[in-house]
Amino acid sequence: MKYCTKCLQPNTRPNIVFEAGICPICRYTETLETVDWTERFDILESIIAPFRKTSGNTHDCIVGVSGGKDSTRQALWVRDKLKMNPLLVALTQPPEQVSEIGTHNLSNLLELGFDVVQSSLSPQTWKALVRHSFFNYQNWAKPTELAIFSAVPRLAIQYNIPLVFWGECPLQVGDLG
């Protein structure tokens with residue numbers, strides 16, 4: 001096993017490639033040092049302005065959440081910084097992957113006033129998908145990755161909410177193909 005020389009992330013993620021001992025996330029982070037964040041925020045504002053709703057509890061956008069600590073930060077940032085009313089979309093995890101912290105974090109989002117839609121599969125279906133993915137792709141987590149990446153746009157279409165905020169950087173999850 002190899003570790004990134006900057007952050008110590010291991011090379012255990014499928015398809016992750018270290019260059020000169022540095023992981024893709026650290027390489028990407030280096031490029032962010034020259035970004036004009038004020039300009040980027042202004043561009044983002046101009047993109048999202050047409051999607052902002054002004055009435056009641058109508059959702060302006062969707063944010064995919066997992067129950068990780070970044071989910072809460074993203075949901076709060078979209079609501080409080082961007083002044084939008086997001087519908088949060090979560091995927092229930094296979095029973096073996098459910099953690100007390102993840103459950104607490106999703107409950108916390110509800111307590112913070114967010115609406116959350118959860119999509120789930122039966123434990124039997126999860127187990128069959130995990131087994132299939134492990135033996136065919138050597139990646140037992142592939143079903144959860146693909147399920148959340150498909151549930152978010154499916155619900156955006158179903159609820160007619162055309163603006164989606166993705167929380168995961170593809171560099172973190174590696175190649176899903």
# chains A, B, ... in the order shown; residues from 1 in each chain; ligands from 1

call {"tool": "residues_around", "arguments": {"residues": "Lys6 in chain A", "least_positions_apart": "4", "cutoff": "10 Å", "atoms": "only C-alpha atoms", "output": "PDB file with C-alpha atoms, in the first residue's frame"}}
result
ATOM      1  CA  GLY A  21       3.855  10.157  -4.652  1.00  0.00           C
ATOM      2  CA  ILE A  22       1.022  12.705  -4.606  1.00  0.00           C
ATOM      3  CA  CYS A  23      -2.684  11.812  -4.740  1.00  0.00           C
ATOM      4  CA  CYS A  26      -3.587  17.096  -3.353  1.00  0.00           C
ATOM      5  CA  ARG A  27      -2.577  17.795  -6.968  1.00  0.00           C
TER       6      ARG A  27
END

call {"tool": "select_by_dssp", "arguments": {"residues": "range 29-154 of chain A", "states": "strand (DSSP E)", "output": "list in words"}}
result
Cys61, Ile62, Val63, Gly64, Val65, Pro86, Leu87, Leu88, Val89, Ala90, Leu91, Asp115, Val116, Val117, Gln118 and Ser119 of chain A

call {"tool": "residues_around", "arguments": {"residues": "Gly67 in chain A", "least_positions_apart": "2", "cutoff": "10 Å", "atoms": "only C-alpha atoms", "output": "NGL selection string"}}
result
:A and (64-65 or 69-72 or 90-93 or 98-109)

call {"tool": "write_last_selection", "arguments": {"atoms": "all heavy atoms", "output": "compact mmCIF listing (two decimals), in the first residue's frame"}}
result
# COMPACT_ATOMS: atom_id res chain seq x y z
N GLY A 64 -27.35 16.38 -2.97
CA GLY A 64 -27.18 14.99 -2.57
C GLY A 64 -26.40 14.93 -1.27
O GLY A 64 -25.36 15.58 -1.15
N VAL A 65 -26.91 14.19 -0.30
CA VAL A 65 -26.24 14.08 1.00
C VAL A 65 -26.03 12.62 1.35
O VAL A 65 -26.79 11.75 0.92
CB VAL A 65 -27.04 14.79 2.12
CG1 VAL A 65 -27.11 16.29 1.86
CG2 VAL A 65 -28.42 14.21 2.28
N LYS A 69 -19.94 14.40 7.30
CA LYS A 69 -19.85 15.78 7.82
C LYS A 69 -19.91 16.82 6.71
O LYS A 69 -20.42 17.92 6.91
CB LYS A 69 -18.58 15.95 8.65
CG LYS A 69 -17.30 15.73 7.85
CD LYS A 69 -16.09 15.69 8.76
CE LYS A 69 -14.83 15.39 8.01
NZ LYS A 69 -14.81 14.13 7.29
N ASP A 70 -19.43 16.48 5.52
CA ASP A 70 -19.48 17.43 4.42
C ASP A 70 -20.91 17.68 3.94
O ASP A 70 -21.22 18.75 3.43
CB ASP A 70 -18.58 16.98 3.27
CG ASP A 70 -18.93 15.60 2.74
OD1 ASP A 70 -19.45 14.78 3.51
OD2 ASP A 70 -18.67 15.34 1.56
N SER A 71 -21.80 16.71 4.13
CA SER A 71 -23.20 16.89 3.71
C SER A 71 -23.84 18.05 4.46
O SER A 71 -24.56 18.87 3.87
CB SER A 71 -24.01 15.62 3.98
OG SER A 71 -23.54 14.55 3.21
N THR A 72 -23.61 18.12 5.76
CA THR A 72 -24.19 19.21 6.55
C THR A 72 -23.61 20.54 6.12
O THR A 72 -24.33 21.52 5.94
CB THR A 72 -23.93 18.96 8.06
OG1 THR A 72 -24.53 17.72 8.43
CG2 THR A 72 -24.51 20.08 8.90
N ALA A 90 -30.95 11.67 -0.02
CA ALA A 90 -30.04 10.73 0.63
C ALA A 90 -30.36 9.32 0.16
O ALA A 90 -31.49 9.01 -0.22
CB ALA A 90 -30.18 10.82 2.14
N LEU A 91 -29.37 8.49 0.20
CA LEU A 91 -29.51 7.09 -0.14
C LEU A 91 -29.27 6.30 1.13
O LEU A 91 -28.24 6.48 1.78
CB LEU A 91 -28.48 6.70 -1.20
CG LEU A 91 -28.44 5.26 -1.63
CD1 LEU A 91 -29.69 4.92 -2.43
CD2 LEU A 91 -27.20 4.98 -2.44
N THR A 92 -30.23 5.46 1.52
CA THR A 92 -29.97 4.62 2.68
C THR A 92 -28.88 3.62 2.31
O THR A 92 -28.83 3.14 1.19
CB THR A 92 -31.23 3.88 3.16
OG1 THR A 92 -31.71 3.07 2.09
CG2 THR A 92 -32.30 4.85 3.61
N GLN A 93 -28.02 3.36 3.23
CA GLN A 93 -26.89 2.48 2.99
C GLN A 93 -27.27 1.03 3.31
O GLN A 93 -28.20 0.79 4.06
CB GLN A 93 -25.71 2.89 3.87
CG GLN A 93 -25.23 4.31 3.62
CD GLN A 93 -24.60 4.47 2.26
OE1 GLN A 93 -23.83 3.62 1.81
NE2 GLN A 93 -24.90 5.56 1.59
N VAL A 98 -24.25 1.15 7.61
CA VAL A 98 -24.89 2.21 8.39
C VAL A 98 -24.06 2.47 9.64
O VAL A 98 -23.69 1.55 10.36
CB VAL A 98 -26.34 1.82 8.77
CG1 VAL A 98 -26.96 2.85 9.69
CG2 VAL A 98 -27.18 1.66 7.51
N SER A 99 -23.78 3.74 9.89
CA SER A 99 -23.04 4.09 11.09
C SER A 99 -23.91 4.98 11.98
O SER A 99 -24.80 5.69 11.51
CB SER A 99 -21.75 4.82 10.74
OG SER A 99 -22.04 6.13 10.26
N GLU A 100 -23.62 4.94 13.26
CA GLU A 100 -24.35 5.76 14.21
C GLU A 100 -24.13 7.25 13.90
O GLU A 100 -25.06 8.04 13.97
CB GLU A 100 -23.87 5.43 15.63
CG GLU A 100 -24.67 6.12 16.71
CD GLU A 100 -24.22 5.70 18.10
OE1 GLU A 100 -23.86 4.53 18.30
OE2 GLU A 100 -24.23 6.57 18.99
N ILE A 101 -22.92 7.61 13.52
CA ILE A 101 -22.61 9.01 13.20
C ILE A 101 -23.38 9.46 11.97
O ILE A 101 -23.95 10.54 11.94
CB ILE A 101 -21.09 9.20 13.02
CG1 ILE A 101 -20.37 8.99 14.34
CG2 ILE A 101 -20.78 10.57 12.44
CD1 ILE A 101 -18.86 8.96 14.23
N GLY A 102 -23.41 8.61 10.91
CA GLY A 102 -24.15 8.97 9.70
C GLY A 102 -25.63 9.16 9.98
O GLY A 102 -26.26 10.10 9.48
N THR A 103 -26.19 8.27 10.79
CA THR A 103 -27.61 8.39 11.16
C THR A 103 -27.84 9.68 11.94
O THR A 103 -28.81 10.40 11.69
CB THR A 103 -28.04 7.16 11.99
OG1 THR A 103 -27.80 5.98 11.21
CG2 THR A 103 -29.50 7.23 12.36
N HIS A 104 -26.95 9.98 12.86
CA HIS A 104 -27.05 11.23 13.64
C HIS A 104 -26.96 12.45 12.72
O HIS A 104 -27.73 13.41 12.88
CB HIS A 104 -25.95 11.29 14.71
CG HIS A 104 -25.85 12.63 15.37
ND1 HIS A 104 -26.74 13.04 16.35
CD2 HIS A 104 -24.99 13.65 15.17
CE1 HIS A 104 -26.42 14.27 16.72
NE2 HIS A 104 -25.36 14.66 16.02
N ASN A 105 -26.03 12.42 11.77
CA ASN A 105 -25.86 13.57 10.87
C ASN A 105 -27.10 13.80 10.01
O ASN A 105 -27.50 14.95 9.78
CB ASN A 105 -24.62 13.38 9.99
CG ASN A 105 -23.33 13.54 10.77
OD1 ASN A 105 -23.31 14.04 11.88
ND2 ASN A 105 -22.25 13.09 10.18
N LEU A 106 -27.72 12.73 9.51
CA LEU A 106 -28.96 12.89 8.73
C LEU A 106 -30.09 13.41 9.61
O LEU A 106 -30.86 14.28 9.19
CB LEU A 106 -29.35 11.58 8.06
CG LEU A 106 -28.52 11.19 6.84
CD1 LEU A 106 -28.91 9.81 6.32
CD2 LEU A 106 -28.65 12.22 5.73
N SER A 107 -30.18 12.91 10.84
CA SER A 107 -31.20 13.43 11.77
C SER A 107 -30.95 14.90 12.06
O SER A 107 -31.90 15.69 12.17
CB SER A 107 -31.17 12.63 13.08
OG SER A 107 -31.55 11.31 12.85
N ASN A 108 -29.69 15.28 12.18
CA ASN A 108 -29.34 16.67 12.43
C ASN A 108 -29.80 17.58 11.29
O ASN A 108 -30.29 18.69 11.53
CB ASN A 108 -27.82 16.80 12.64
CG ASN A 108 -27.41 18.19 13.05
OD1 ASN A 108 -27.97 18.76 13.98
ND2 ASN A 108 -26.43 18.73 12.35
N LEU A 109 -29.69 17.10 10.06
CA LEU A 109 -30.16 17.89 8.92
C LEU A 109 -31.66 18.14 9.01
O LEU A 109 -32.14 19.24 8.72
CB LEU A 109 -29.81 17.19 7.60
CG LEU A 109 -28.34 17.22 7.22
CD1 LEU A 109 -28.05 16.25 6.09
CD2 LEU A 109 -27.91 18.63 6.83

call {"tool": "residues_around", "arguments": {"residues": "Gln9 in chain A", "least_positions_apart": "3", "cutoff": "12 Å", "atoms": "only C-alpha atoms", "output": "PyMOL selection string"}}
result
chain A and resi 1-6+12-13+16-18+21-26+172

call {"tool": "residues_around", "arguments": {"residues": "range 81-83 of chain A", "least_positions_apart": "5", "cutoff": "12 Å", "atoms": "only C-alpha atoms", "output": "list in words"}}
result
Phe41, Asp42, Leu44, Glu45, Ser46, Ile47, Ile48, Ala49, Phe51, Arg52, Lys53, Thr54, His59, Asp60, Cys61, Arg73, Gln74, Ala75, Leu76 and Phe165 of chain A

call {"tool": "write_last_selection", "arguments": {"atoms": "N, CA and C atoms", "output": "mmCIF file, in the first residue's frame"}}
result
data_model
loop_
_atom_site.group_PDB
_atom_site.id
_atom_site.type_symbol
_atom_site.label_atom_id
_atom_site.label_comp_id
_atom_site.auth_asym_id
_atom_site.auth_seq_id
_atom_site.Cartn_x
_atom_site.Cartn_y
_atom_site.Cartn_z
ATOM 1 N N PHE A 41 -17.516 33.129 -7.083
ATOM 2 C CA PHE A 41 -18.791 33.255 -6.397
ATOM 3 C C PHE A 41 -19.758 34.101 -7.225
ATOM 4 N N ASP A 42 -19.259 35.173 -7.828
ATOM 5 C CA ASP A 42 -20.108 36.007 -8.683
ATOM 6 C C ASP A 42 -20.631 35.218 -9.887
ATOM 7 N N LEU A 44 -21.075 31.948 -9.953
ATOM 8 C CA LEU A 44 -22.064 31.022 -9.399
ATOM 9 C C LEU A 44 -23.387 31.742 -9.158
ATOM 10 N N GLU A 45 -23.338 32.930 -8.588
ATOM 11 C CA GLU A 45 -24.558 33.713 -8.348
ATOM 12 C C GLU A 45 -25.322 33.951 -9.644
ATOM 13 N N SER A 46 -24.608 34.283 -10.699
ATOM 14 C CA SER A 46 -25.289 34.553 -11.973
ATOM 15 C C SER A 46 -25.912 33.280 -12.557
ATOM 16 N N ILE A 47 -25.313 32.135 -12.287
ATOM 17 C CA ILE A 47 -25.847 30.870 -12.786
ATOM 18 C C ILE A 47 -27.104 30.468 -12.009
ATOM 19 N N ILE A 48 -27.084 30.625 -10.687
ATOM 20 C CA ILE A 48 -28.196 30.123 -9.875
ATOM 21 C C ILE A 48 -29.353 31.114 -9.742
ATOM 22 N N ALA A 49 -29.124 32.380 -10.024
ATOM 23 C CA ALA A 49 -30.175 33.400 -9.834
ATOM 24 C C ALA A 49 -31.501 33.017 -10.497
ATOM 25 N N PHE A 51 -32.872 30.270 -10.852
ATOM 26 C CA PHE A 51 -33.491 29.109 -10.218
ATOM 27 C C PHE A 51 -34.069 29.417 -8.844
ATOM 28 N N ARG A 52 -33.730 30.576 -8.289
ATOM 29 C CA ARG A 52 -34.203 30.932 -6.956
ATOM 30 C C ARG A 52 -35.702 31.142 -6.956
ATOM 31 N N LYS A 53 -36.382 30.465 -6.049
ATOM 32 C CA LYS A 53 -37.827 30.633 -5.896
ATOM 33 C C LYS A 53 -38.071 31.687 -4.822
ATOM 34 N N THR A 54 -39.170 32.379 -4.928
ATOM 35 C CA THR A 54 -39.463 33.416 -3.947
ATOM 36 C C THR A 54 -40.670 33.086 -3.084
ATOM 37 N N HIS A 59 -38.805 24.116 -3.355
ATOM 38 C CA HIS A 59 -37.358 23.867 -3.395
ATOM 39 C C HIS A 59 -36.768 24.429 -4.682
ATOM 40 N N ASP A 60 -35.636 25.123 -4.544
ATOM 41 C CA ASP A 60 -34.969 25.695 -5.720
ATOM 42 C C ASP A 60 -33.935 24.745 -6.308
ATOM 43 N N CYS A 61 -33.454 23.811 -5.506
ATOM 44 C CA CYS A 61 -32.351 22.963 -5.957
ATOM 45 C C CYS A 61 -32.349 21.678 -5.148
ATOM 46 N N ARG A 73 -22.308 20.593 5.916
ATOM 47 C CA ARG A 73 -21.683 21.845 5.487
ATOM 48 C C ARG A 73 -22.245 22.309 4.145
ATOM 49 N N GLN A 74 -22.384 21.382 3.201
ATOM 50 C CA GLN A 74 -22.898 21.742 1.878
ATOM 51 C C GLN A 74 -24.339 22.226 1.951
ATOM 52 N N ALA A 75 -25.162 21.517 2.705
ATOM 53 C CA ALA A 75 -26.570 21.905 2.818
ATOM 54 C C ALA A 75 -26.692 23.290 3.451
ATOM 55 N N LEU A 76 -25.943 23.533 4.513
ATOM 56 C CA LEU A 76 -25.988 24.843 5.176
ATOM 57 C C LEU A 76 -25.454 25.943 4.259
ATOM 58 N N PHE A 165 -26.782 20.409 -6.931
ATOM 59 C CA PHE A 165 -25.424 20.616 -6.418
ATOM 60 C C PHE A 165 -24.849 19.264 -6.069
#

call {"tool": "atom_distance", "arguments": {"atom1": "CA of Leu110 in chain A", "atom2": "CA of Leu87 in chain A"}}
result
11.0 Å

call {"tool": "select_by_dssp", "arguments": {"residues": "range 85-160 of chain A", "states": "helix (DSSP H, G or I)", "output": "MDAnalysis selection string"}}
result
chainID A and resid 95:97 100:111 123:137 142:158

call {"tool": "closest_residue", "arguments": {"among": "A:Phe149, A:Tyr28, A:Trp140, A:Trp37", "to": "Lys127 in chain A", "atoms": "only C-alpha atoms"}}
result
A:Trp140
